[in-house]
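A.B. asks: This is the structure I have questions about; it appears just below.
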There are 2 protein chains.
Amino acid sequence: MDPEILRTRNWTAIRELLDSMNVVDLADVLEQMEGPDAVRVFRMLPKDTAAEVFSYLSHDTQQVIVEAITDREVGGIIDELFLDDAVDFIEEMPANVVKRVLAAVPPEKRDMINHFLNYPEDSAGSIMTVEYVDLKRYFSVAEAFSYIRKHGVDKETIYTCYVIDASRKLLGTVSVRTLLLAREEELVGDIMDQNIISAKTTEDREALTNDFRKYGLLAMPVVDNEDRLVGIVTVDDALTVQEEEATEDFSIMAAISPSEEPYLKTSVFRLARNRVLWLSLLMLSATVTSAIINGFQDALAVMPGLIAFIPMLMGTGGNAGSQSSTLVIRGLALEEVSPADASRVLWKEIRVACLCGGVLVVINFVRMALMGYSLIVSLTVCLALLSAVVMAKSVGCLLPLGAKRLGLDPAVMASPGISTLVDAGTLLLYFGLAKALLGI
Amino acid sequence: MDPEILRTRNWTAIRELLDSMNVVDLADVLEQMEGPDAVRVFRMLPKDTAAEVFSYLSHDTQQVIVEAITDREVGGIIDELFLDDAVDFIEEMPANVVKRVLAAVPPEKRDMINHFLNYPEDSAGSIMTVEYVDLKRYFSVAEAFSYIRKHGVDKETIYTCYVIDASRKLLGTVSVRTLLLAREEELVGDIMDQNIISAKTTEDREALTNDFRKYGLLAMPVVDNEDRLVGIVTVDDALTVQEEEATEDFSIMAAISPSEEPYLKTSVFRLARNRVLWLSLLMLSATVTSAIINGFQDALAVMPGLIAFIPMLMGTGGNAGSQSSTLVIRGLALEEVSPADASRVLWKEIRVACLCGGVLVVINFVRMALMGYSLIVSLTVCLALLSAVVMAKSVGCLLPLGAKRLGLDPAVMASPGISTLVDAGTLLLYFGLAKALLGI
């Protein structure tokens, strides 16, 4: 949309443009408008478009609109929304808005929303929706198509249909592709795929996206403990969840409390709040390294040249450790590595550490020789370097695996989490070796 | 599949099981078998299943199979593969295998593969495929369905069909859903969606996945410079690309050369090779910090207590910087931030740095007071802390933005990339303040 038209506030021209626009782009336009203008344009939209546009708005804009329109309008929009979008919206609203919204929707929808709000955060249940097409095994292909034509309009997807029995137990899936390529008189029960890939309501939503990717699915059925179909997750949600989970891990691994808002839309205060806790904890944990250095103050006074290697050793240890932790954390997220692989991973990391450490030692030894350091000092620094890399890589791979086994988030054990341990370990190794080899 | 059956090598039982399995799980089973057994089982598969299973195998196993079967079999499999899978496979094979494979496929397919191999790595062209359904605008809905029934069997998706004119120019898209809900006599040209979201062949594949997520697409058409349809990308590939791009950024940001192989399947030697270059560079760059410390050796001899704060200051600076760089790099990848926002981002980061730095200063001041440090020493350390955080956050946000503007990968500018700069800057600030305030 030409931003010029927005500025002119020529409502007729705007309305004309709105009709030709993609709903996602329409939502973008609303995001860029002032609150009252956004509400005004939103009210120009036909009812079904309005609900769809609403589902693509940021939570802030959703709130502005809901607070400006009538209860009747609110009820209409929420009733038109897919259940997963309605639940997602309600989860993010303040209590007074939630109360008003729930009062405005029809009782049946309200019960369903309340039920879905109870699924644990980050579970398959929390992202599924109920607008799917269910078929019976005794339907013919022709009957299936007329059923889809009749009931498919409001469904989130029609391309995968779910075959259930009288007790809603999931028997199989059948794709519209299979239906299209089958003969009209064939029975759904005969052509359905009984090799069902499904998720339980309580399954982790990240594990679910791994299955979407692995099997190339367009939708996945979600079943309860009795294998009864309770909802579906569609691939567009899997794509979003996969992005959100990666962004969350990027944040946590950089010592930031994760936030779902885009960077530029997050306030300075909130950005600072998300970062200062970890910064403070890590700063305080550096008290340990300070104490270790102070403990060796006398030795350092004898050979002050040793101080200059502290940043290099701690830096290399930190980098070596975060290489290992990052690969293990990512492997855990993609389910390529599990805590059961701990000994295999550790043995691999120790060998990698020896190879990397060996190369670093050679480079460092040559450099120190060129700079005129004595053999024994070079040897001390090089040995500290090698042992720091081995220690850092061992800690770096074991901590995330241990966290996962204990049911904690492995990403917390990334670079910032292990840094205190690796820093302290590196210093103790360095000073210990210096004392032993240099006799200070 | 019961692993026990694999061990018994009871081929009849294995063949029976194979028939009932999902192709992805079948590929998993082959991966776990010894080479000769995998080839044997692979040859038991029906031709069309074989090609599908083949596309889900790792490149190592693909190579083992191709080297064990006849040219005729190779040609048959490659011809059955979707073009994107064929191209993907050939890209990863050594030259002698590529030569043999290309000689074995029909000339027409060979020309197409060679053409697709020329698209730049990481472009939309490099991941698209040609198995789509194209319709004419003058088709009725009934004609469209009979066309889909006739030509849809071998297509990667039939759910989005592409309406093209005689010169293959893309006029619009029409979904099977729209076709199903339309009347039989309506014309494709009247019901098609002309609001096309497409990509150019040269567009970055990561930008393309952002559009898939934003618009909730199942497939995206790829067009050339004259807007002629040349291929499509399907959502399963978008899901994979999104995962691979995130994994690549995780690796680069942890100072690892990215690799597409899963962790446990990568050899120790290769893991070490992917890590040692960055470790060496970062270790050598620590020469700068060593030189700075050596330059202040005399001052440190006067007040050796100052040494103990070096790790805390450098650590906090590094953490503060990587928080900023991580958020900016992620924002750039998701297209939420662009280099044009540089001044806005910098101003935001400076304010965040002042807020975070302020909190850290208070905590640190109290701690140093409790530990009995003098006011002037505490003041020196606190001022160094605050200025280090502001400096680190400024560098942390500007470097990735600058890299992006220069067409480089912003992820390289993450924590390890900025660490040398931030480390050196922190030390200079600390020693400079110490000289000025403590008169040493």
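In the structure tokens, chains take letters A, B, ... by order of appearance, with residues numbered from 1 within each chain and ligands from 1 in the order shown.
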Excluding same-chain residues fewer than 5 positions from region 133-136 of chain A, what lies within 8 Å of it counting only C-alpha atoms, as a list of chain:residue names?
C.D. replies: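 Everything that qualifies: A:Ala144, A:Ile148, A:His151, A:Gly152, A:Lys155, A:Thr157, A:Ile158, A:Thr160, A:Cys161, A:Tyr162, A:Val163, A:Ile164, A:Asp165, A:Val188, A:Gly189.
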A.B. asks: Show which residues sit within 12 Å of region 330-334 of chain A, as a VMD selection string. Count only C-alpha atoms, and ignore same-chain residues fewer than 6 positions away.
C.D. replies: (chain A and resid 204 to 214 242 245 to 246 248 to 250 253 322 to 324 340 to 342 345 397 400 to 405 409 to 411 413 to 414) or (chain B and resid 240 243 to 244 246 to 251 254 260 to 266)
A.B. asks: Next, the residues of the selection above should be written as a PDB file, in the first residue's frame with C-alpha atoms.
C.D. replies:
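What follows is the written file selection20.pdb:
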```pdb
ATOM      1  CA  ASP A 204       6.819 -30.677  23.670  1.00  0.00           C
ATOM      2  CA  ARG A 205       6.008 -28.367  20.779  1.00  0.00           C
ATOM      3  CA  GLU A 206       9.654 -28.283  19.644  1.00  0.00           C
ATOM      4  CA  ALA A 207       9.790 -32.091  19.350  1.00  0.00           C
ATOM      5  CA  LEU A 208       6.628 -31.834  17.250  1.00  0.00           C
ATOM      6  CA  THR A 209       8.251 -29.458  14.746  1.00  0.00           C
ATOM      7  CA  ASN A 210      11.129 -31.919  14.413  1.00  0.00           C
ATOM      8  CA  ASP A 211       8.589 -34.522  13.275  1.00  0.00           C
ATOM      9  CA  PHE A 212       7.026 -32.073  10.817  1.00  0.00           C
ATOM     10  CA  ARG A 213      10.450 -31.546   9.269  1.00  0.00           C
ATOM     11  CA  LYS A 214      11.461 -35.185   9.350  1.00  0.00           C
ATOM     12  CA  GLN A 242      10.538 -23.645  14.976  1.00  0.00           C
ATOM     13  CA  GLU A 245      12.273 -21.926  19.665  1.00  0.00           C
ATOM     14  CA  ALA A 246      15.499 -21.067  17.816  1.00  0.00           C
ATOM     15  CA  GLU A 248      14.574 -18.388  22.368  1.00  0.00           C
ATOM     16  CA  ASP A 249      17.733 -20.503  22.364  1.00  0.00           C
ATOM     17  CA  PHE A 250      19.766 -17.706  20.736  1.00  0.00           C
ATOM     18  CA  MET A 253      22.629 -18.737  25.073  1.00  0.00           C
ATOM     19  CA  SER A 322      31.079 -22.612  24.048  1.00  0.00           C
ATOM     20  CA  GLN A 323      31.885 -24.427  20.791  1.00  0.00           C
ATOM     21  CA  SER A 324      31.112 -27.720  22.500  1.00  0.00           C
ATOM     22  CA  ALA A 340      22.004 -41.299  26.762  1.00  0.00           C
ATOM     23  CA  ASP A 341      24.858 -40.404  24.385  1.00  0.00           C
ATOM     24  CA  ALA A 342      26.805 -38.652  27.182  1.00  0.00           C
ATOM     25  CA  VAL A 345      29.872 -37.278  23.275  1.00  0.00           C
ATOM     26  CA  CYS A 397      29.412 -30.904  26.485  1.00  0.00           C
ATOM     27  CA  PRO A 400      23.876 -29.261  28.697  1.00  0.00           C
ATOM     28  CA  LEU A 401      23.459 -33.051  28.658  1.00  0.00           C
ATOM     29  CA  GLY A 402      23.122 -33.050  32.447  1.00  0.00           C
ATOM     30  CA  ALA A 403      20.621 -30.197  32.321  1.00  0.00           C
ATOM     31  CA  LYS A 404      18.521 -32.091  29.778  1.00  0.00           C
ATOM     32  CA  ARG A 405      18.557 -35.238  31.911  1.00  0.00           C
ATOM     33  CA  ASP A 409      16.668 -26.132  29.595  1.00  0.00           C
ATOM     34  CA  PRO A 410      20.084 -27.096  28.169  1.00  0.00           C
ATOM     35  CA  ALA A 411      20.481 -23.654  26.548  1.00  0.00           C
ATOM     36  CA  MET A 413      24.143 -24.126  30.256  1.00  0.00           C
ATOM     37  CA  ALA A 414      25.616 -22.416  27.182  1.00  0.00           C
TER      38      ALA A 414
ATOM     39  CA  THR B 240      14.338 -27.557   6.551  1.00  0.00           C
ATOM     40  CA  GLU B 243      16.373 -25.104  10.594  1.00  0.00           C
ATOM     41  CA  GLU B 244      19.627 -25.237   8.618  1.00  0.00           C
ATOM     42  CA  ALA B 246      19.484 -21.259  12.344  1.00  0.00           C
ATOM     43  CA  THR B 247      21.953 -24.100  12.940  1.00  0.00           C
ATOM     44  CA  GLU B 248      24.482 -22.340  10.699  1.00  0.00           C
ATOM     45  CA  ASP B 249      24.127 -19.138  12.709  1.00  0.00           C
ATOM     46  CA  PHE B 250      24.433 -21.016  16.016  1.00  0.00           C
ATOM     47  CA  SER B 251      27.699 -22.522  14.755  1.00  0.00           C
ATOM     48  CA  ALA B 254      30.079 -19.970  18.577  1.00  0.00           C
ATOM     49  CA  GLU B 260      25.419 -29.857   7.677  1.00  0.00           C
ATOM     50  CA  GLU B 261      26.161 -33.256   9.183  1.00  0.00           C
ATOM     51  CA  PRO B 262      24.534 -34.150  12.516  1.00  0.00           C
ATOM     52  CA  TYR B 263      26.956 -33.965  15.464  1.00  0.00           C
ATOM     53  CA  LEU B 264      27.203 -37.684  16.207  1.00  0.00           C
ATOM     54  CA  LYS B 265      27.810 -38.512  12.534  1.00  0.00           C
ATOM     55  CA  THR B 266      30.669 -36.024  12.139  1.00  0.00           C
TER      56      THR B 266
END
```
A.B. asks: Please identify the strand (DSSP E) residues within region 72-161 of chain A (assignment by DSSP from backbone atoms) and present them as number ranges by chain.
C.D. replies: A: 134-135, 160-161
A.B. asks: Write out as a list of chain:residue names which residues come within 9 Å of Ala182 (chain A) when counting only C-alpha atoms, dropping same-chain ones fewer than 4 positions away.
C.D. replies: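 The neighbour list is A:Val141, A:Arg177, A:Thr178, A:Glu186, A:Ile191, B:Arg149.
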A.B. asks: At what distance in Å, to one decimal, does CA of Val223 (chain A) lie from CA of Ala238 (chain A)?
C.D. replies: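 That distance, rounded to one decimal, is 16.9 Å.
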A.B. asks: Run DSSP on the backbone and grab whatever in region 167-341 of chain A lands in alpha helix (DSSP H); send it over as a ChimeraX atom specification.
C.D. replies: /A:176-181,188-191,205-215,235-253,268-295,297-302,310-333
A.B. asks: Choose the residue, out of B:Leu421, B:Val105, B:Met33, B:Ile363, that has the smallest atom-to-atom separation from Ala286 (chain B); count only C-alpha atoms.
C.D. replies: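 Looking at the shortest contact to Ala286 (chain B), the residue is B:Leu421.
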A.B. asks: Between B:Gly317, B:Gly372, B:Gly425, B:Gly432, which is the closest to chain A once you count only C-alpha atoms?
C.D. replies: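 The closest residue to chain A is B:Gly317.
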